[in-house]
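S.K.: For reference, this is entry_11.cif, and it has mmCIF, C-alpha atoms.
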```cif
data_run
loop_
_atom_site.label_atom_id
_atom_site.label_comp_id
_atom_site.auth_asym_id
_atom_site.auth_seq_id
_atom_site.Cartn_x
_atom_site.Cartn_y
_atom_site.Cartn_z
CA MET V 253 48.75 -13.41 -19.71
CA LEU V 254 48.53 -9.72 -18.88
CA SER V 255 46.14 -8.95 -16.06
CA ASN V 256 42.83 -7.17 -16.53
CA LEU V 257 42.77 -3.46 -15.62
CA PRO V 258 39.20 -2.61 -14.57
CA ASN V 259 39.90 1.11 -14.16
CA ALA V 260 41.88 1.86 -17.33
CA ILE V 261 38.97 3.33 -19.32
CA HIS V 262 37.63 4.98 -16.17
CA ASP V 263 40.93 6.81 -15.62
CA GLY V 264 41.20 7.82 -19.27
CA PHE V 265 37.70 9.23 -19.10
CA VAL V 266 38.57 11.16 -15.92
CA LEU V 267 41.49 12.79 -17.73
CA GLU V 268 39.36 13.53 -20.79
CA CYS V 269 36.66 15.22 -18.68
CA THR V 270 39.23 17.28 -16.80
CA LEU V 271 41.00 18.51 -19.95
CA GLN V 272 37.69 19.37 -21.61
CA ARG V 273 36.70 21.41 -18.59
CA LEU V 274 39.96 23.30 -19.04
CA GLY V 275 39.13 24.04 -22.67
CA TRP V 276 41.32 21.42 -24.34
CA GLU V 277 40.31 19.61 -27.52
CA VAL V 278 40.56 15.90 -26.69
CA ASP V 279 40.82 12.76 -28.83
CA PHE V 280 40.02 9.78 -26.58
CA GLU V 281 40.62 6.22 -27.81
CA THR V 282 39.94 2.99 -25.90
CA ASN V 283 41.13 -0.59 -26.37
CA VAL V 284 42.99 0.28 -29.56
CA SER V 285 44.82 -2.21 -31.76
CA LEU V 286 48.43 -1.57 -32.74
CA LYS V 287 47.42 -0.28 -36.19
CA SER V 288 44.68 1.93 -34.74
CA ALA V 289 47.10 3.33 -32.16
CA GLU V 290 49.70 4.16 -34.81
CA ASP V 291 47.07 5.84 -37.00
CA ALA V 292 45.62 7.81 -34.07
CA ILE V 293 49.04 9.07 -32.97
CA THR V 294 49.97 10.15 -36.50
CA LYS V 295 46.65 11.97 -36.87
CA PHE V 296 47.09 13.61 -33.48
CA ALA V 297 50.62 14.79 -34.25
CA GLU V 298 49.44 16.27 -37.56
CA LYS V 299 46.55 18.03 -35.81
CA VAL V 300 48.87 19.59 -33.24
CA GLY V 301 51.17 21.04 -35.92
CA ASP V 302 53.16 24.13 -34.97
CA ASN V 303 50.35 26.39 -33.76
CA ALA V 304 49.01 24.75 -30.60
CA GLU V 305 49.82 26.32 -27.24
CA ALA V 306 50.36 22.87 -25.71
CA CYS V 307 49.68 19.19 -26.35
CA LEU V 308 49.30 16.19 -24.07
CA PHE V 309 49.62 12.48 -24.87
CA ALA V 310 48.46 10.03 -22.20
CA PHE V 311 48.43 6.25 -22.04
CA VAL V 312 46.67 4.22 -19.35
CA GLY V 313 47.25 0.48 -19.48
CA HIS V 314 50.07 -2.05 -19.67
CA GLY V 315 53.65 -1.07 -20.47
CA ILE V 316 56.76 -3.15 -21.05
CA GLU V 317 60.42 -2.26 -20.88
CA ILE V 318 62.83 -4.72 -22.41
CA ASN V 319 66.50 -4.38 -23.27
CA GLY V 320 66.39 -0.64 -22.56
CA LYS V 321 63.47 -0.02 -24.95
CA ASN V 322 60.00 0.99 -23.87
CA TYR V 323 56.66 -0.16 -25.29
CA LEU V 324 52.95 0.48 -24.80
CA VAL V 325 50.76 -2.63 -25.07
CA PRO V 326 47.77 -2.42 -27.48
CA SER V 327 44.59 -4.47 -27.15
CA ASP V 328 45.59 -6.96 -29.85
CA ALA V 329 49.14 -7.58 -28.64
CA ASP V 330 50.18 -11.20 -29.17
CA LEU V 331 52.46 -11.74 -26.19
CA GLU V 332 53.15 -15.38 -25.41
CA PRO V 333 55.80 -15.80 -22.69
CA SER V 334 56.50 -19.43 -23.59
CA ALA V 335 57.66 -18.33 -27.06
CA ALA V 336 60.54 -16.29 -25.59
CA ALA V 337 63.52 -18.48 -24.79
CA THR V 338 66.02 -15.62 -24.95
CA LEU V 339 66.06 -11.87 -24.48
CA HIS V 340 66.34 -11.47 -28.27
CA ASP V 341 63.19 -13.58 -28.74
CA ALA V 342 61.29 -11.56 -26.15
CA GLU V 343 62.31 -8.25 -27.69
CA ASP V 344 61.32 -9.45 -31.14
CA ILE V 345 57.85 -10.47 -29.88
CA VAL V 346 57.32 -7.13 -28.14
CA ARG V 347 58.61 -5.09 -31.09
CA ARG V 348 56.14 -6.80 -33.45
CA SER V 349 53.16 -6.53 -31.10
CA CYS V 350 53.55 -3.26 -29.17
CA LEU V 351 53.87 0.46 -29.74
CA SER V 352 57.33 1.93 -29.19
CA PHE V 353 57.17 4.88 -26.81
CA GLN V 354 60.35 6.28 -28.34
CA HIS V 355 58.51 6.31 -31.68
CA VAL V 356 55.67 8.29 -30.13
CA VAL V 357 58.01 10.89 -28.63
CA GLN V 358 60.84 11.19 -31.15
CA HIS V 359 59.38 10.45 -34.56
CA CYS V 360 55.79 11.70 -34.41
CA PHE V 361 56.09 14.87 -32.37
CA ALA V 362 59.61 15.97 -33.23
CA ARG V 363 58.80 16.03 -36.94
CA THR V 364 55.73 18.22 -36.58
CA ARG V 365 56.49 20.64 -33.75
CA ASN V 366 60.17 21.15 -33.01
CA GLY V 367 59.41 22.43 -29.52
CA THR V 368 57.14 25.29 -30.49
CA CYS V 369 54.67 24.37 -27.74
CA ALA V 370 54.83 22.49 -24.46
CA SER V 371 54.37 18.72 -24.89
CA ILE V 372 53.27 16.65 -21.90
CA PHE V 373 53.43 12.83 -21.90
CA VAL V 374 51.60 10.95 -19.12
CA LEU V 375 52.28 7.21 -18.76
CA ASP V 376 49.97 5.56 -16.23
CA CYS V 377 51.17 1.99 -16.67
CA CYS V 378 51.07 -1.01 -14.37
CA ARG V 379 54.23 -2.99 -13.60
CA GLN V 380 54.19 -6.71 -14.23
CA LYS V 381 56.79 -9.43 -14.69
CA PHE V 382 56.01 -11.00 -18.04
CA PHE V 383 58.89 -12.58 -19.93
CA ASN V 384 60.98 -14.81 -17.67
CA VAL V 385 64.21 -14.62 -19.64
CA ALA V 386 67.73 -13.65 -18.68
CA ASP V 387 68.51 -9.93 -18.55
CA SER V 388 64.91 -8.83 -19.08
CA GLN V 389 63.83 -5.76 -17.12
CA PRO V 390 60.87 -5.33 -14.74
CA ARG V 391 57.68 -4.32 -16.52
CA GLY V 392 55.20 -1.56 -16.02
CA ARG V 393 55.94 2.11 -15.79
CA VAL V 394 57.20 1.72 -19.34
CA GLY V 395 60.84 1.57 -18.48
CA CYS V 396 62.36 1.68 -15.02
CA ASP V 397 65.59 2.71 -16.76
CA LEU V 398 63.99 4.98 -19.36
CA ALA V 399 66.62 7.40 -20.63
CA PRO V 400 65.98 11.15 -20.40
CA VAL V 401 63.97 12.59 -23.25
CA SER V 402 66.24 13.27 -26.21
CA ALA V 403 67.49 16.86 -26.44
CA ASP V 404 65.85 17.25 -29.86
CA ILE V 405 62.44 16.91 -28.18
CA ARG V 406 62.45 20.44 -26.87
CA ASN V 407 59.96 21.83 -24.38
CA SER V 408 58.58 18.47 -23.19
CA CYS V 409 57.86 16.63 -19.96
CA VAL V 410 57.32 12.89 -19.41
CA ILE V 411 55.32 11.97 -16.29
CA TYR V 412 55.14 8.43 -14.90
CA SER V 413 52.55 7.13 -12.49
CA THR V 414 55.05 5.16 -10.41
CA THR V 415 58.69 5.03 -9.40
CA PRO V 416 61.29 2.69 -10.97
CA GLY V 417 60.80 -0.99 -10.25
CA ARG V 418 57.46 -0.52 -8.49
CA THR V 419 53.84 -1.41 -9.20
CA ALA V 420 51.25 1.13 -10.34
CA SER V 421 47.95 0.38 -8.61
CA ASP V 422 44.81 0.09 -10.73
CA GLY V 423 42.64 0.80 -7.69
CA ALA V 424 39.38 -0.82 -6.65
CA PRO V 425 37.05 -1.51 -9.62
CA GLY V 426 34.98 1.57 -10.39
CA MET V 427 36.91 3.79 -7.97
CA GLY V 428 39.74 4.86 -10.27
CA GLY V 429 43.49 4.49 -10.02
CA PRO V 430 45.08 6.58 -7.25
CA PHE V 431 47.55 8.38 -9.53
CA MET V 432 45.05 9.58 -12.15
CA THR V 433 42.49 10.51 -9.48
CA ALA V 434 45.06 12.71 -7.74
CA PHE V 435 46.49 14.12 -10.98
CA ALA V 436 43.07 15.16 -12.30
CA LYS V 437 42.13 16.85 -9.02
CA GLU V 438 45.38 18.83 -8.90
CA MET V 439 45.68 19.89 -12.55
CA ILE V 440 42.37 21.75 -12.45
CA ARG V 441 43.41 24.01 -9.57
CA PRO V 442 43.79 27.61 -10.87
CA GLY V 443 47.26 29.10 -10.97
CA ILE V 444 49.14 25.90 -10.09
CA ASP V 445 52.09 25.08 -12.33
CA LEU V 446 52.94 21.55 -13.42
CA GLU V 447 55.80 21.10 -10.95
CA THR V 448 53.46 22.06 -8.09
CA VAL V 449 50.77 19.74 -9.46
CA LEU V 450 53.22 16.84 -9.31
CA ARG V 451 54.42 17.76 -5.81
CA ASN V 452 50.80 17.82 -4.64
CA VAL V 453 50.14 14.44 -6.29
CA ARG V 454 53.13 13.03 -4.38
CA ARG V 455 51.74 14.40 -1.12
CA ARG V 456 48.40 12.76 -1.86
CA MET V 457 50.11 9.43 -2.58
CA THR V 458 52.11 9.66 0.63
CA ALA V 459 48.93 10.41 2.59
CA LEU V 460 47.41 7.25 1.09
CA ARG V 461 50.55 5.31 2.11
CA ASN V 462 51.08 4.68 -1.60
CA GLU V 463 54.73 5.71 -1.60
CA CYS V 464 55.65 3.96 -4.85
CA GLN V 465 53.36 6.14 -7.00
CA LEU V 466 55.17 9.43 -6.52
CA ALA V 467 54.78 10.71 -10.09
CA PRO V 468 58.45 10.95 -11.14
CA SER V 469 59.04 13.04 -14.22
CA SER V 470 61.68 13.89 -16.81
CA SER V 471 61.33 17.49 -17.92
CA LEU V 472 62.82 19.67 -20.64
CA LEU V 473 60.13 22.34 -20.34
CA GLU V 474 61.48 25.76 -21.19
CA ASP V 475 58.88 27.74 -19.24
CA SER V 476 56.54 27.21 -16.31
CA PHE V 477 53.46 25.33 -17.53
CA THR V 478 50.00 25.72 -15.96
CA PHE V 479 46.89 23.80 -16.97
CA CYS V 480 44.57 26.46 -15.53
CA PRO V 481 46.28 29.89 -15.53
CA LEU V 482 44.87 32.63 -13.32
CA GLY V 483 42.58 34.95 -15.28
CA SER V 484 42.31 32.53 -18.18
CA LYS V 485 39.17 31.31 -19.92
CA ALA V 486 39.85 27.94 -18.33
CA GLU V 487 39.74 29.43 -14.82
CA ASN V 488 36.54 31.32 -15.61
CA LYS V 489 34.96 28.15 -16.98
CA VAL V 490 35.90 26.15 -13.90
CA GLU V 491 34.57 28.84 -11.56
CA ALA V 492 31.32 29.06 -13.53
CA GLU V 493 30.64 25.37 -13.12
CA THR V 494 29.17 23.59 -10.14
CA GLY V 495 32.47 22.55 -8.61
CA GLU V 496 31.93 18.93 -9.55
CA ASP V 497 35.32 17.41 -10.36
CA ALA V 498 35.99 14.89 -13.11
CA THR V 499 35.84 11.86 -10.81
CA ASP V 500 32.32 12.91 -9.77
CA VAL V 501 31.36 13.36 -13.43
CA VAL V 502 32.54 9.83 -14.20
CA ALA V 503 30.72 8.39 -11.19
CA ARG V 504 27.51 10.11 -12.27
CA GLN V 505 27.84 8.87 -15.85
CA GLU V 506 28.63 5.35 -14.68
CA ALA V 507 25.48 5.41 -12.55
CA SER V 508 23.50 6.29 -15.67
CA GLY V 509 24.97 3.43 -17.69
CA PHE V 510 28.53 4.35 -18.74
CA ASP V 511 29.99 1.15 -20.17
CA GLN V 512 33.36 -0.04 -18.82
CA ALA V 513 33.32 -3.35 -20.65
CA GLY V 514 36.56 -4.49 -22.26
CA THR V 515 39.08 -2.65 -20.11
CA ASP V 516 42.02 -4.94 -20.71
CA ASP V 517 44.29 -2.12 -21.75
#
```
Take the structure in the file and give it back as structure tokens.
M.R.:
Amino acid sequence: MLSNLPNAIHDGFVLECTLQRLGWEVDFETNVSLKSAEDAITKFAEKVGDNAEACLFAFVGHGIEINGKNYLVPSDADLEPSAAATLHDAEDIVRRSCLSFQHVVQHCFARTRNGTCASIFVLDCCRQKFFNVADSQPRGRVGCDLAPVSADIRNSCVIYSTTPGRTASDGAPGMGGPFMTAFAKEMIRPGIDLETVLRNVRRRMTALRNECQLAPSSSLLEDSFTFCPLGSKAENKVEAETGEDATDVVARQEASGFDQAGTDD
């Protein structure tokens, strides 16, 4: 069975709070079934259209790579290791039960945008050995051998929470995962571009002696991308607030009864 992830909803909520502070419109889904995930992604891609300045898709939970293909695990995934005697069996089980990341990137977004705005994909996925069959790949950061983003997905960047073949820590219950905590703190800093955000996240991970979660990325961005540009409405909004970061917002809401029940995914 896949392990429980106590901080998955927590980390998603941290990212939601941070993006909203920066002026983003956010759709936040938790513990979604495969059908609900497919519907939500289609709706999101249609909403983005060709006019948005940028879009961001994030997934926090379990990921599986098998036979060079990469999948996100929904809450209703029926994954029974004993049913997979061969690699073909395992891939068939995963394909029926999980959401293809290639589908998310290539089919949904390519059809609706064609690179007219920056697209950021954040995959904060744990790594776990699941199917014990010949030639299967390590699990987790949705593909330790994930191929570069296809050239027809212009102006995009895929960010992973951990390096190939390594585990992504979920963190202590209620404290948040180390990658998302660092990422949220860095992305809200005014005037810092995405590449600098990721370098700073890596420094934070190294300082924590968490040297496997160094936020590797695959980028086809055509211009420098900044979550909080200097002189922007986002910077003014951040400066006008109390200085409380998203992790403090989540802690405060949890203290007042924020429900983390059902955080399997």
S.K.: Care to translate the PyMOL selection byres ((chain V and resi 437) around 10) into actual residues of this file, as a ChimeraX atom specification?
M.R.: /V:266-267,270,432-436,438-441,449,452-453,497-499
S.K.: Written as a PyMOL selection string, what is the full residue list that the PyMOL selection byres ((chain V and resi 409) around 12) yields on the file shown?
M.R.: chain V and resi 306-310+357+367+369-375+400-403+405-408+410-412+446-447+450+467-477
S.K.: Just how far from CA of Ile444 (chain V) is CA of Cys480 (chain V), in Å to one decimal?
M.R.: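 Pair CA of Cys480 (chain V) / CA of Ile444 (chain V) returns 7.1 Å.
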S.K.: Between CA of Gly264 (chain V) and CA of Glu277 (chain V), what is the distance, to one decimal in Å?
M.R.: 14.4 Å
S.K.: Give me, as a PyMOL selection string, all polymer residues having an atom no more than 8 Å from Ala486 (chain V), counting all atoms listed in the file and skipping those fewer than 5 positions away in the same chain.
M.R.: chain V and resi 273-275+480-481
S.K.: Using all atoms listed in the file, can you tell me which of V:Glu268, V:Asp341, V:Asp263, V:Asp328 comes closest to Lys287 (chain V)?
M.R.: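 Among the listed residues, V:Asp328 lies closest to Lys287 (chain V).
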S.K.: In Å, with one decimal, what is the gap from CA of Asn283 (chain V) to CA of Ser327 (chain V)?
M.R.: 5.3 Å
S.K.: Quick one: everything within 6 Å of Ala297 (chain V), counting only C-alpha atoms, minus sequence neighbours fewer than 3 positions away in the same chain. Send it as an NGL selection string.
M.R.: :V and (294 or 300 or 361)
S.K.: Would you kindly translate the PyMOL selection byres ((chain V and resi 312) around 10) into the concrete residues it picks from this file, as a ChimeraX atom specification?
M.R.: /V:257,259-264,282,310-311,313-315,324-325,374-378,413,422,429,432,517
S.K.: Go through V:Cys350, V:Ala304, V:Ile318, V:Leu460 and flag the residue nearest Thr338 (chain V), using only C-alpha atoms for the distances.
M.R.: V:Ile318
S.K.: Choose the residue, out of V:Ala289, V:Pro442, V:Thr414, V:Trp276, that has the smallest atom-to-atom separation from Arg454 (chain V); count all atoms listed in the file.
M.R.: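 Counting all atoms listed in the file, the residue closest to Arg454 (chain V) is V:Thr414.
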S.K.: Would you compute an axis-aligned box for region 483-489 of chain V, covering every atom listed for it in the file with 8 Å of margin on each side, and report centre and edge lengths in Å to one decimal as lines of an AutoDock Vina configuration file?
M.R.:
```
center_x = 38.8
center_y = 31.4
center_z = -17.4
size_x = 23.6
size_y = 23.0
size_z = 21.1
```
S.K.: Can you tell me which residues surround Asp330 (chain V) at a distance of at most 10 Å, considering only C-alpha atoms, apart from same-chain residues fewer than 3 positions away, and format the answer as an mmCIF file with C-alpha atoms, keeping the file's coordinate frame?
M.R.:
```cif
data_model
loop_
_atom_site.group_PDB
_atom_site.id
_atom_site.type_symbol
_atom_site.label_atom_id
_atom_site.label_comp_id
_atom_site.auth_asym_id
_atom_site.auth_seq_id
_atom_site.Cartn_x
_atom_site.Cartn_y
_atom_site.Cartn_z
ATOM 1 C CA MET V 253 48.750 -13.410 -19.710
ATOM 2 C CA VAL V 325 50.760 -2.630 -25.070
ATOM 3 C CA PRO V 326 47.770 -2.420 -27.480
ATOM 4 C CA SER V 327 44.590 -4.470 -27.150
ATOM 5 C CA PRO V 333 55.800 -15.800 -22.690
ATOM 6 C CA ILE V 345 57.850 -10.470 -29.880
ATOM 7 C CA VAL V 346 57.320 -7.130 -28.140
ATOM 8 C CA ARG V 348 56.140 -6.800 -33.450
ATOM 9 C CA SER V 349 53.160 -6.530 -31.100
ATOM 10 C CA CYS V 350 53.550 -3.260 -29.170
#
```
S.K.: Using only C-alpha atoms, can you tell me which of V:Ile316, V:Ala329, V:Ile293, V:Ala342 comes closest to His355 (chain V)?
M.R.: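 Checking each of V:Ile316, V:Ala329, V:Ile293, V:Ala342 against His355 (chain V), counting only C-alpha atoms, the winner is V:Ile293.
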